[in-house]
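Report on the structure given below.
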Amino acid sequence: MSAAALVRARGLRKGFRARGGWLGSKGPAFHAVDGVDLDIGASEIVGLVGESGSGKSTLGRILIRLIDPDEGTLHFDGTDLLAMQGQALRRLRREFQIVFQDPYGSLNPRMKIGDAIGEPLTIHKLANGRQQRTERVAELLTQVGLDPRMATRYPHEFSGGQRQRVGIARAIACGPRFLVADEPVSALDAPVQAQIVNLLVDLQEQLDLSYLFIAHDLNLVRRICGRVVVMYFGRVVEEASASTLYDAPRHPYTKALLAATPSVRPGRPQAPALAGEPPSQTAPPSGCPFHPRCPEALAECSRETPALLQIGQGHKVACHLVGRSSP
Amino acid sequence: MQLLEVRGLKVQYPGAVAPVRAVDGISFSLQQGETYALVGESGCGKSATGLALLRLVDPGRIAAGSIVFEGNDLLGLSEEAMRRIRGARIGMVFQETSAALNPVMRIGTQVGEALRIHRGLSRKEAHTEAVRLLRLVALADPERQARAYPHELSGGMKQRVMLAIALSCSPALLIADEPTTALDVTIQAQILALLRELRESLSLTILLITHDLGVVAENADRVGVMYAGRLVEEAPVAQLFEHAEHPYTRGLLRAIPASGSAKERWLPTLPGVVPDASNPPAGCRFHPRCTERFEPCDRDEPEMQDRPGDSRVACYLYRKERVG
């Protein structure tokens, strides 16, 4: 939003080649992230929602340079992140970390939890000697609500929720300022999910962190995020404060997502808001990528891709319908 | 009319130390045409219950109980007689469609397979019927998709194919175990709408197994809540969401982000973790986590008792003596 954005991305694009043909010969290219601008302020929680294949995970990984974009610029606290390389980039990595959906896949099954959490401390030379490292690991375990004595155990001895706590301890070990939380609670049952979300909110306050919170549960995003970005097929289609997005969504896709989210009110829902499936990455539709499923599509929607336009304070929408009705 | 009655069902799996008591004495019944949801967290025994209805509990065993389906006790049937029920009278769909579909067999062949086995249809007849079934589950372009392989289909399309297979022999009961958990919300909405339509048009009875209370609210008629292998509460869906009685059910409902105020950043949680199924706590299995426990809770396991509004609950808070 402001010049003081901690993370500032402009025009990010990233193409991949689809697998295709015989034995994985290269198929046609597609853009997983197709021209995304994004600002994340200091101590801000920005929600990123969208369905599988929308590019939300790719975007999250670009922001912490796990993936390099093909085009665009990326600044972290004023530093040009894409210009950084080697040692300098590695040094900066302690400032931005990621929490994955599946902590089981991101933890080495043969490494004790204490070592997994302590490893980044060693790499970034944040602990002098074994003693200091052990103390810091104990402190981190306590901070995420685990018993420090669990440091000598292996990942398989932990429940899903506990493993996610370990993943969080590892992510905050080096004192980052920005975390990408990529579906951190999607694999967990509701009561455990609530515990982990509360932990993330607590840590955000205590450590003054910024999050990009990637999720598909819109109700959850609403609870904890100040601002929400909706992606569809590699593009941002709507961005607004959480309250505006939920109370007055403008993009037909955002409306459909909200309508499809199950409520806890018993009763039969209306017919599904959206027919069809997200577009094929190998045969992208012309114009607005949402037009083949859009209940309100106009003739021009299949010809021209709508630009993301500001329509109110902090509210941006990429839709021909909205361009029309606004002054 | 009653289609299925489960009494005192126990399912055990081999464990490292002691047997894992995945399902530990549950009783419930399904009425013809209703959607009954079994809900609970991972490991509560809801999926094991669904599989036990088909007697698919390998490497475990059904240790006790009876499962009376259309008048027959399934536990007394020979394996051959059970095969005539499995897939024919009781169909099942799972969350993992990729694991359930054969990757090197065309969709149409897989849909027709059960018809050839159970109904003795010829290859050609089975194909025609498969295309009809794919149309029934609203798969776009069914003639073409019948020739496709599973990897050519999206997750939502594969779940439609699973439904076509499960429904191919016109079962009376459909067991749907987390049928939409792996799908995006807009696709989930489509599949759930399809299930509701099929239930009407085919007068199906559905056992919906899910951890998602949002899915339950919008699709079930009655709900059974499981905790650590036991059924702790059962109620009509509106009753459950408005007047849940068991402290576990209430905790489960409060923890959903959709409930409560959107302004409140912190979500209400349940303290502690789900118990180990090979060594559940004495007394009520929920008592170590229960904020309302009192003297009998850690001694004896509470029995299910009838409550107003066609509900049942297993909790000492609602003991008759206590009320009286």
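Numbering starts fresh at 1 for the residues of each chain in the structure tokens, the chains themselves are lettered A, B, ... in the order given, and ligands are numbered from 1 as they appear.
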Shell around Ala127 of chain A at 9 Å using only C-alpha atoms, local window under 6 positions removed, as a compact mmCIF listing (two decimals) with C-alpha atoms, in the first residue's frame:
# COMPACT_ATOMS: atom_id res chain seq x y z
CA GLY A 118 18.58 -25.97 15.44
CA LEU A 121 20.65 -21.46 13.88
CA ARG A 133 21.89 -23.99 20.50
CA THR A 134 20.16 -26.46 22.80
CA ARG A 136 17.60 -21.67 22.04
Just need the residues of chain B within 9 Å of chain A, counting only C-alpha atoms, so spit them out as a short mmCIF file (atom, residue, chain, number, x, y, z; two decimals) with N, CA, C and O atoms, in the first residue's frame.
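Saved file part_18.cif follows:
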data_model
loop_
_atom_site.label_atom_id
_atom_site.label_comp_id
_atom_site.auth_asym_id
_atom_site.auth_seq_id
_atom_site.Cartn_x
_atom_site.Cartn_y
_atom_site.Cartn_z
N GLY B 40 -16.18 -36.45 12.97
CA GLY B 40 -15.19 -36.56 14.03
C GLY B 40 -13.82 -36.29 13.44
O GLY B 40 -13.67 -36.14 12.23
N GLU B 41 -12.83 -36.22 14.32
CA GLU B 41 -11.48 -35.92 13.88
C GLU B 41 -10.78 -37.16 13.34
O GLU B 41 -11.24 -38.28 13.55
N SER B 42 -9.62 -36.96 12.71
CA SER B 42 -8.82 -38.08 12.22
C SER B 42 -8.62 -39.08 13.36
O SER B 42 -8.32 -38.70 14.48
N ALA B 140 -19.23 -34.08 -18.36
CA ALA B 140 -19.38 -33.49 -19.69
C ALA B 140 -18.83 -34.44 -20.75
O ALA B 140 -17.80 -35.07 -20.53
N SER B 154 -9.72 -34.20 -14.27
CA SER B 154 -9.45 -33.41 -13.07
C SER B 154 -9.98 -34.15 -11.85
O SER B 154 -10.71 -35.15 -11.97
N GLY B 156 -12.30 -33.29 -9.71
CA GLY B 156 -13.76 -33.29 -9.65
C GLY B 156 -14.35 -34.30 -10.62
O GLY B 156 -15.33 -34.99 -10.30
N MET B 157 -13.77 -34.38 -11.81
CA MET B 157 -14.27 -35.34 -12.81
C MET B 157 -14.04 -36.77 -12.33
O MET B 157 -14.89 -37.65 -12.51
N LEU B 183 -11.08 -31.64 -2.88
CA LEU B 183 -11.50 -30.79 -3.99
C LEU B 183 -11.58 -29.31 -3.59
O LEU B 183 -11.79 -28.99 -2.43
N ASP B 184 -11.45 -28.44 -4.58
CA ASP B 184 -11.64 -27.02 -4.34
C ASP B 184 -13.10 -26.72 -4.03
O ASP B 184 -13.98 -27.47 -4.45
N VAL B 185 -13.34 -25.60 -3.35
CA VAL B 185 -14.71 -25.34 -2.88
C VAL B 185 -15.76 -25.26 -3.97
O VAL B 185 -16.87 -25.75 -3.78
N THR B 186 -15.42 -24.66 -5.12
CA THR B 186 -16.47 -24.55 -6.15
C THR B 186 -16.78 -25.93 -6.73
O THR B 186 -17.92 -26.22 -7.10
N ILE B 187 -15.77 -26.79 -6.79
CA ILE B 187 -15.99 -28.15 -7.30
C ILE B 187 -16.69 -28.99 -6.22
O ILE B 187 -17.59 -29.78 -6.51
N GLN B 188 -16.30 -28.77 -4.96
CA GLN B 188 -16.98 -29.44 -3.84
C GLN B 188 -18.48 -29.15 -3.89
O GLN B 188 -19.31 -30.06 -3.74
N ALA B 189 -18.83 -27.89 -4.13
CA ALA B 189 -20.24 -27.51 -4.17
C ALA B 189 -20.96 -28.27 -5.29
O ALA B 189 -22.10 -28.70 -5.12
N GLN B 190 -20.29 -28.43 -6.43
CA GLN B 190 -20.91 -29.17 -7.55
C GLN B 190 -21.15 -30.64 -7.18
O GLN B 190 -22.22 -31.19 -7.45
N LEU B 192 -21.39 -32.03 -4.19
CA LEU B 192 -22.40 -32.18 -3.14
C LEU B 192 -23.81 -31.98 -3.71
O LEU B 192 -24.74 -32.69 -3.34
N ALA B 193 -23.94 -31.04 -4.64
CA ALA B 193 -25.24 -30.83 -5.28
C ALA B 193 -25.64 -32.07 -6.07
O ALA B 193 -26.80 -32.50 -6.05
N HIS B 211 -15.04 -34.84 8.11
CA HIS B 211 -14.58 -34.07 9.27
C HIS B 211 -15.10 -32.64 9.17
O HIS B 211 -14.91 -31.84 10.06
N ASP B 212 -15.77 -32.33 8.05
CA ASP B 212 -16.14 -30.96 7.75
C ASP B 212 -17.58 -30.68 8.17
O ASP B 212 -18.53 -31.11 7.51
N LEU B 213 -17.75 -29.93 9.24
CA LEU B 213 -19.10 -29.68 9.74
C LEU B 213 -19.91 -28.78 8.82
O LEU B 213 -21.14 -28.80 8.85
N GLY B 214 -19.22 -28.01 7.97
CA GLY B 214 -19.93 -27.20 6.99
C GLY B 214 -20.64 -28.10 5.98
O GLY B 214 -21.81 -27.89 5.63
N VAL B 215 -19.95 -29.15 5.55
CA VAL B 215 -20.54 -30.12 4.62
C VAL B 215 -21.72 -30.83 5.30
O VAL B 215 -22.76 -31.06 4.68
N VAL B 216 -21.57 -31.13 6.57
CA VAL B 216 -22.63 -31.79 7.33
C VAL B 216 -23.88 -30.91 7.39
O VAL B 216 -24.99 -31.35 7.10
N ALA B 217 -23.67 -29.64 7.74
CA ALA B 217 -24.80 -28.73 7.94
C ALA B 217 -25.68 -28.67 6.70
O ALA B 217 -26.91 -28.62 6.80
N GLU B 218 -25.04 -28.67 5.53
CA GLU B 218 -25.79 -28.46 4.31
C GLU B 218 -26.27 -29.74 3.63
O GLU B 218 -26.96 -29.67 2.63
N ASN B 219 -25.85 -30.90 4.12
CA ASN B 219 -26.18 -32.11 3.38
C ASN B 219 -26.80 -33.25 4.19
O ASN B 219 -27.37 -34.15 3.60
N ALA B 220 -26.64 -33.22 5.50
CA ALA B 220 -27.10 -34.36 6.29
C ALA B 220 -28.50 -34.14 6.86
O ALA B 220 -28.93 -33.00 7.05
N VAL B 237 -29.90 -32.82 12.20
CA VAL B 237 -28.85 -31.83 11.92
C VAL B 237 -29.12 -30.46 12.55
O VAL B 237 -28.23 -29.87 13.16
N ALA B 238 -30.35 -29.97 12.46
CA ALA B 238 -30.64 -28.64 13.01
C ALA B 238 -30.47 -28.64 14.53
O ALA B 238 -29.91 -27.72 15.11
N PHE B 241 -26.73 -28.54 15.51
CA PHE B 241 -26.05 -27.26 15.35
C PHE B 241 -26.60 -26.20 16.30
O PHE B 241 -25.90 -25.29 16.70
N GLU B 242 -27.88 -26.35 16.69
CA GLU B 242 -28.45 -25.33 17.56
C GLU B 242 -28.36 -25.70 19.03
O GLU B 242 -28.21 -24.82 19.88
N GLY B 251 -17.44 -28.14 21.57
CA GLY B 251 -16.08 -27.68 21.30
C GLY B 251 -15.74 -27.74 19.82
O GLY B 251 -15.15 -26.83 19.25
N LEU B 252 -16.18 -28.83 19.20
CA LEU B 252 -15.95 -29.03 17.77
C LEU B 252 -16.63 -27.92 16.96
O LEU B 252 -16.04 -27.35 16.04
N LEU B 253 -17.85 -27.61 17.33
CA LEU B 253 -18.60 -26.58 16.60
C LEU B 253 -17.98 -25.20 16.79
O LEU B 253 -17.90 -24.42 15.86
N ARG B 254 -17.55 -24.92 18.02
CA ARG B 254 -16.97 -23.59 18.28
C ARG B 254 -15.66 -23.38 17.54
O ARG B 254 -15.29 -22.25 17.24
N ALA B 255 -14.93 -24.48 17.27
CA ALA B 255 -13.61 -24.35 16.66
C ALA B 255 -13.66 -24.06 15.16
O ALA B 255 -12.63 -23.77 14.56
N ILE B 256 -14.85 -24.13 14.54
CA ILE B 256 -14.91 -23.88 13.10
C ILE B 256 -14.83 -22.38 12.85
O ILE B 256 -15.55 -21.61 13.48
N PRO B 257 -13.96 -21.97 11.92
CA PRO B 257 -13.83 -20.54 11.67
C PRO B 257 -15.13 -19.86 11.26
O PRO B 257 -15.32 -18.68 11.50
N ALA B 258 -16.04 -20.61 10.63
CA ALA B 258 -17.28 -20.00 10.15
C ALA B 258 -18.22 -19.64 11.30
O ALA B 258 -19.11 -18.81 11.13
N SER B 259 -18.05 -20.27 12.46
CA SER B 259 -18.95 -19.94 13.56
C SER B 259 -18.36 -18.78 14.36
O SER B 259 -17.19 -18.47 14.25
N SER B 261 -17.90 -14.84 15.86
CA SER B 261 -17.75 -13.53 15.25
C SER B 261 -16.53 -13.48 14.35
O SER B 261 -15.45 -13.93 14.71
N ALA B 262 -16.72 -12.90 13.17
CA ALA B 262 -15.61 -12.78 12.24
C ALA B 262 -14.59 -11.77 12.76
O ALA B 262 -13.46 -11.72 12.30
N LYS B 263 -14.99 -10.96 13.72
CA LYS B 263 -14.09 -9.94 14.25
C LYS B 263 -13.09 -10.53 15.24
O LYS B 263 -12.04 -9.99 15.48
N GLU B 264 -13.47 -11.67 15.84
CA GLU B 264 -12.63 -12.27 16.86
C GLU B 264 -11.47 -13.01 16.21
O GLU B 264 -11.69 -13.96 15.48
N ARG B 265 -10.25 -12.56 16.48
CA ARG B 265 -9.10 -13.18 15.81
C ARG B 265 -8.79 -14.56 16.36
O ARG B 265 -8.37 -15.44 15.63
N TRP B 266 -8.94 -14.72 17.67
CA TRP B 266 -8.59 -16.02 18.24
C TRP B 266 -9.78 -16.97 18.17
O TRP B 266 -10.90 -16.60 18.48
N LEU B 267 -9.50 -18.18 17.77
CA LEU B 267 -10.56 -19.18 17.65
C LEU B 267 -10.64 -19.96 18.95
O LEU B 267 -9.61 -20.31 19.53
N PRO B 268 -11.86 -20.27 19.41
CA PRO B 268 -11.97 -21.10 20.61
C PRO B 268 -11.42 -22.50 20.29
O PRO B 268 -11.70 -23.03 19.23
N THR B 269 -10.67 -23.05 21.19
CA THR B 269 -10.09 -24.37 20.93
C THR B 269 -10.48 -25.34 22.03
O THR B 269 -11.00 -24.95 23.07
N LEU B 270 -10.19 -26.60 21.76
CA LEU B 270 -10.30 -27.62 22.79
C LEU B 270 -8.90 -27.83 23.32
O LEU B 270 -7.97 -27.99 22.54
N PRO B 271 -8.72 -27.87 24.62
CA PRO B 271 -7.38 -28.12 25.13
C PRO B 271 -6.97 -29.57 24.85
O PRO B 271 -7.81 -30.45 24.70
N VAL B 273 -5.04 -33.11 23.28
CA VAL B 273 -5.07 -33.83 22.02
C VAL B 273 -5.95 -35.07 22.13
O VAL B 273 -6.30 -35.52 23.22
#
What does the distance from atom CA of Gln95 of chain B to atom CA of Leu153 of chain B come to in Å, to one decimal?
15.3 Å
What is the atom CA of Ala138 of chain A-atom CA of Gln204 of chain A distance in Å, reported with one decimal?
19.7 Å
When you look at segment 64-76 of chain A with a cut-off of 9 Å (counting only C-alpha atoms), what residues show up, excluding the ones that are within fewer than 3 positions of it in the same chain? I need them as a PyMOL selection string.
chain A and resi 5-15+33+35-37+58-61+79-82+93+96-98+178-180
Pull C-alpha atoms from the residues just selected and write them as a compact mmCIF listing (two decimals), in the first residue's frame.
# COMPACT_ATOMS: atom_id res chain seq x y z
CA ALA A 5 5.87 -1.94 2.32
CA LEU A 6 8.09 -4.70 3.66
CA VAL A 7 7.50 -6.83 0.58
CA ARG A 8 6.88 -5.09 -2.72
CA ALA A 9 6.33 -7.07 -5.90
CA ARG A 10 5.59 -5.63 -9.33
CA GLY A 11 4.66 -7.40 -12.54
CA LEU A 12 5.74 -10.86 -11.40
CA ARG A 13 5.46 -13.54 -14.05
CA LYS A 14 6.56 -17.13 -13.93
CA GLY A 15 6.09 -19.66 -16.69
CA VAL A 33 1.87 -16.38 -12.11
CA GLY A 35 1.62 -10.30 -13.91
CA VAL A 36 1.06 -9.92 -10.17
CA ASP A 37 1.61 -6.77 -8.10
CA THR A 58 4.10 -20.25 -6.80
CA LEU A 59 3.61 -16.61 -5.88
CA GLY A 60 4.39 -17.35 -2.22
CA ARG A 61 7.59 -19.13 -3.19
CA THR A 79 16.44 -4.21 -1.06
CA ASP A 80 16.20 -5.51 -4.61
CA LEU A 81 15.80 -9.19 -3.83
CA LEU A 82 16.19 -10.39 -7.39
CA ARG A 93 17.17 -15.54 4.02
CA PHE A 96 11.88 -14.45 5.38
CA GLN A 97 10.76 -18.00 5.94
CA ILE A 98 8.00 -20.41 4.98
CA PHE A 178 8.14 -12.13 7.04
CA LEU A 179 6.56 -15.57 6.86
CA VAL A 180 4.82 -17.23 3.95
Taking only segment 138-233 of chain B into account, list the residues labelled alpha helix (DSSP H) by DSSP (computed from the backbone), as a PyMOL selection string.
chain B and resi 142-145+155-167+185-202+213-219
Do a neighbour search on Ala248 of chain A at 12 Å with only C-alpha atoms, toss out local chain neighbours closer than 6 positions, and write the hits as a ChimeraX atom specification.
/A:238-242,254-255,258,312,315,317
Take the residues from that selection and put them in a file with C-alpha atoms, as a PDB file, in the first residue's frame.
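Written file, out.pdb:
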ATOM      1  CA  GLU A 238      -9.728  -8.892  -6.559  1.00  0.00           C
ATOM      2  CA  GLU A 239      -7.980  -7.343  -3.602  1.00  0.00           C
ATOM      3  CA  ALA A 240      -9.647  -5.631  -0.657  1.00  0.00           C
ATOM      4  CA  SER A 241      -9.780  -5.332   3.106  1.00  0.00           C
ATOM      5  CA  ALA A 242     -11.212  -8.518   4.613  1.00  0.00           C
ATOM      6  CA  THR A 254     -14.998 -13.914  -5.468  1.00  0.00           C
ATOM      7  CA  LYS A 255     -18.786 -14.015  -5.164  1.00  0.00           C
ATOM      8  CA  LEU A 258     -17.988 -17.114  -1.026  1.00  0.00           C
ATOM      9  CA  GLY A 312     -12.312   2.229  -3.890  1.00  0.00           C
ATOM     10  CA  HIS A 315     -10.178  -2.177  -3.274  1.00  0.00           C
ATOM     11  CA  VAL A 317     -10.918  -5.536  -9.155  1.00  0.00           C
TER      12      VAL A 317
END
Residues flagged strand (DSSP E) by DSSP in segment 114-239 of chain B, as a PyMOL selection string:
chain B and resi 173-177+205-210+222-227+230-236
Please save N, CA, C and O atoms of the selected residues as an mmCIF file, in the first residue's frame.
data_model
loop_
_atom_site.group_PDB
_atom_site.id
_atom_site.type_symbol
_atom_site.label_atom_id
_atom_site.label_comp_id
_atom_site.auth_asym_id
_atom_site.auth_seq_id
_atom_site.Cartn_x
_atom_site.Cartn_y
_atom_site.Cartn_z
ATOM 1 N N LEU B 173 -27.509 -48.428 -0.532
ATOM 2 C CA LEU B 173 -26.737 -47.580 0.391
ATOM 3 C C LEU B 173 -25.456 -47.121 -0.292
ATOM 4 O O LEU B 173 -24.738 -47.917 -0.903
ATOM 5 N N LEU B 174 -25.178 -45.819 -0.178
ATOM 6 C CA LEU B 174 -23.917 -45.274 -0.671
ATOM 7 C C LEU B 174 -23.123 -44.772 0.526
ATOM 8 O O LEU B 174 -23.608 -43.942 1.298
ATOM 9 N N ILE B 175 -21.914 -45.295 0.676
ATOM 10 C CA ILE B 175 -21.019 -44.795 1.721
ATOM 11 C C ILE B 175 -20.075 -43.808 1.051
ATOM 12 O O ILE B 175 -19.348 -44.171 0.127
ATOM 13 N N ALA B 176 -20.098 -42.556 1.483
ATOM 14 C CA ALA B 176 -19.246 -41.525 0.886
ATOM 15 C C ALA B 176 -18.266 -41.053 1.954
ATOM 16 O O ALA B 176 -18.637 -40.336 2.875
ATOM 17 N N ASP B 177 -17.015 -41.507 1.829
ATOM 18 C CA ASP B 177 -16.005 -41.197 2.845
ATOM 19 C C ASP B 177 -15.166 -40.003 2.393
ATOM 20 O O ASP B 177 -14.333 -40.134 1.514
ATOM 21 N N THR B 205 -29.871 -44.102 0.127
ATOM 22 C CA THR B 205 -29.558 -43.780 1.519
ATOM 23 C C THR B 205 -28.054 -43.519 1.532
ATOM 24 O O THR B 205 -27.299 -44.264 0.912
ATOM 25 N N ILE B 206 -27.634 -42.439 2.189
ATOM 26 C CA ILE B 206 -26.217 -42.081 2.152
ATOM 27 C C ILE B 206 -25.627 -42.035 3.556
ATOM 28 O O ILE B 206 -26.194 -41.418 4.461
ATOM 29 N N LEU B 207 -24.497 -42.708 3.735
ATOM 30 C CA LEU B 207 -23.703 -42.542 4.951
ATOM 31 C C LEU B 207 -22.549 -41.629 4.561
ATOM 32 O O LEU B 207 -21.660 -42.020 3.796
ATOM 33 N N LEU B 208 -22.587 -40.402 5.044
ATOM 34 C CA LEU B 208 -21.596 -39.399 4.676
ATOM 35 C C LEU B 208 -20.573 -39.300 5.801
ATOM 36 O O LEU B 208 -20.913 -38.910 6.922
ATOM 37 N N ILE B 209 -19.343 -39.672 5.499
ATOM 38 C CA ILE B 209 -18.290 -39.646 6.510
ATOM 39 C C ILE B 209 -17.420 -38.425 6.246
ATOM 40 O O ILE B 209 -16.884 -38.272 5.148
ATOM 41 N N THR B 210 -17.312 -37.525 7.206
ATOM 42 C CA THR B 210 -16.576 -36.292 6.947
ATOM 43 C C THR B 210 -16.072 -35.668 8.246
ATOM 44 O O THR B 210 -16.594 -35.927 9.324
ATOM 45 N N ARG B 222 -29.386 -36.458 9.618
ATOM 46 C CA ARG B 222 -29.011 -36.743 11.005
ATOM 47 C C ARG B 222 -27.504 -36.865 11.087
ATOM 48 O O ARG B 222 -26.838 -37.169 10.096
ATOM 49 N N VAL B 223 -26.972 -36.653 12.284
ATOM 50 C CA VAL B 223 -25.534 -36.628 12.470
ATOM 51 C C VAL B 223 -25.143 -37.471 13.681
ATOM 52 O O VAL B 223 -25.789 -37.388 14.734
ATOM 53 N N GLY B 224 -24.109 -38.273 13.518
ATOM 54 C CA GLY B 224 -23.510 -38.972 14.651
ATOM 55 C C GLY B 224 -22.104 -38.429 14.854
ATOM 56 O O GLY B 224 -21.340 -38.342 13.904
ATOM 57 N N VAL B 225 -21.786 -38.035 16.083
ATOM 58 C CA VAL B 225 -20.466 -37.477 16.370
ATOM 59 C C VAL B 225 -19.618 -38.551 17.049
ATOM 60 O O VAL B 225 -20.041 -39.118 18.061
ATOM 61 N N MET B 226 -18.460 -38.838 16.486
ATOM 62 C CA MET B 226 -17.590 -39.860 17.063
ATOM 63 C C MET B 226 -16.380 -39.235 17.738
ATOM 64 O O MET B 226 -15.846 -38.223 17.281
ATOM 65 N N TYR B 227 -15.968 -39.862 18.837
ATOM 66 C CA TYR B 227 -14.750 -39.436 19.518
ATOM 67 C C TYR B 227 -14.045 -40.681 20.035
ATOM 68 O O TYR B 227 -14.647 -41.467 20.776
ATOM 69 N N ARG B 230 -15.885 -44.046 19.871
ATOM 70 C CA ARG B 230 -17.232 -44.115 20.438
ATOM 71 C C ARG B 230 -18.130 -43.067 19.793
ATOM 72 O O ARG B 230 -17.667 -41.998 19.384
ATOM 73 N N LEU B 231 -19.425 -43.374 19.748
ATOM 74 C CA LEU B 231 -20.394 -42.374 19.326
ATOM 75 C C LEU B 231 -20.753 -41.585 20.586
ATOM 76 O O LEU B 231 -21.140 -42.176 21.600
ATOM 77 N N VAL B 232 -20.553 -40.275 20.585
ATOM 78 C CA VAL B 232 -20.831 -39.505 21.803
ATOM 79 C C VAL B 232 -22.139 -38.737 21.722
ATOM 80 O O VAL B 232 -22.731 -38.383 22.740
ATOM 81 N N GLU B 233 -22.591 -38.455 20.497
ATOM 82 C CA GLU B 233 -23.855 -37.735 20.368
ATOM 83 C C GLU B 233 -24.459 -38.033 19.006
ATOM 84 O O GLU B 233 -23.742 -38.248 18.026
ATOM 85 N N GLU B 234 -25.792 -38.049 18.972
ATOM 86 C CA GLU B 234 -26.492 -38.251 17.709
ATOM 87 C C GLU B 234 -27.727 -37.372 17.726
ATOM 88 O O GLU B 234 -28.442 -37.343 18.730
ATOM 89 N N ALA B 235 -27.971 -36.647 16.629
ATOM 90 C CA ALA B 235 -29.123 -35.741 16.605
ATOM 91 C C ALA B 235 -29.484 -35.368 15.183
ATOM 92 O O ALA B 235 -28.635 -35.441 14.291
ATOM 93 N N PRO B 236 -30.741 -34.944 14.974
ATOM 94 C CA PRO B 236 -31.088 -34.347 13.680
ATOM 95 C C PRO B 236 -30.204 -33.118 13.461
ATOM 96 O O PRO B 236 -29.812 -32.453 14.431
#
Between A:Ser302, A:Asn108, A:Gln101, A:Gln87, which residue has the minimum interatomic distance to His156 of chain A, considering only C-alpha atoms?
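Between A:Ser302, A:Asn108, A:Gln101, A:Gln87, the residue approaching His156 of chain A most closely is A:Asn108.
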Write out as a list of chain:residue names the residues lying within 10 Å of Arg83 of chain B, counting only C-alpha atoms and excluding same-chain residues fewer than 5 positions away.
B:Leu54, B:Arg55, B:Leu77, B:Ser78, B:Ala88, B:Arg89, B:His118
Could you name the residues that touch Val166 of chain A at 12 Å or less, counting only C-alpha atoms, but leaving out those on the same chain fewer than 5 positions away, as a PyMOL selection string?
chain A and resi 99-100+102-104+106-108+112-118+137-138+140-148+150-151+153-161+171-173+184+196+199
Point-to-point distance in Å for atom CA of Gly50 of chain B and atom CA of Gln12 of chain B
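So the answer is 13.7 Å.
Taking only C-alpha atoms into account, Arg21 of chain B lies nearest to B:Cys44 out of the set B:Cys290, B:Leu133, B:Leu4, B:Cys44.
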Polymer residues at most 12 Å from Ser122 of chain B, only C-alpha atoms, same-chain spacing of 6 or more positions, as a ChimeraX atom specification
/B:109,112-116,128-130
Produce a file of the selected residues containing C-alpha atoms, as a PDB file, in the first residue's frame.
ATOM      1  CA  THR B 109     -14.208 -50.051 -18.770  1.00  0.00           C
ATOM      2  CA  GLY B 112     -18.681 -51.122 -16.646  1.00  0.00           C
ATOM      3  CA  GLU B 113     -16.583 -53.624 -14.683  1.00  0.00           C
ATOM      4  CA  ALA B 114     -18.992 -54.053 -11.786  1.00  0.00           C
ATOM      5  CA  LEU B 115     -21.884 -54.497 -14.231  1.00  0.00           C
ATOM      6  CA  ARG B 116     -20.078 -57.301 -16.003  1.00  0.00           C
ATOM      7  CA  THR B 128     -23.442 -48.481 -23.265  1.00  0.00           C
ATOM      8  CA  GLU B 129     -24.464 -48.612 -19.612  1.00  0.00           C
ATOM      9  CA  ALA B 130     -21.195 -46.940 -18.547  1.00  0.00           C
TER      10      ALA B 130
END
May I ask which of the residues B:Ile62, B:Val11, B:Ala182, B:Ile26 is the closest one to Phe94 of chain B, counting only C-alpha atoms?
B:Ala182
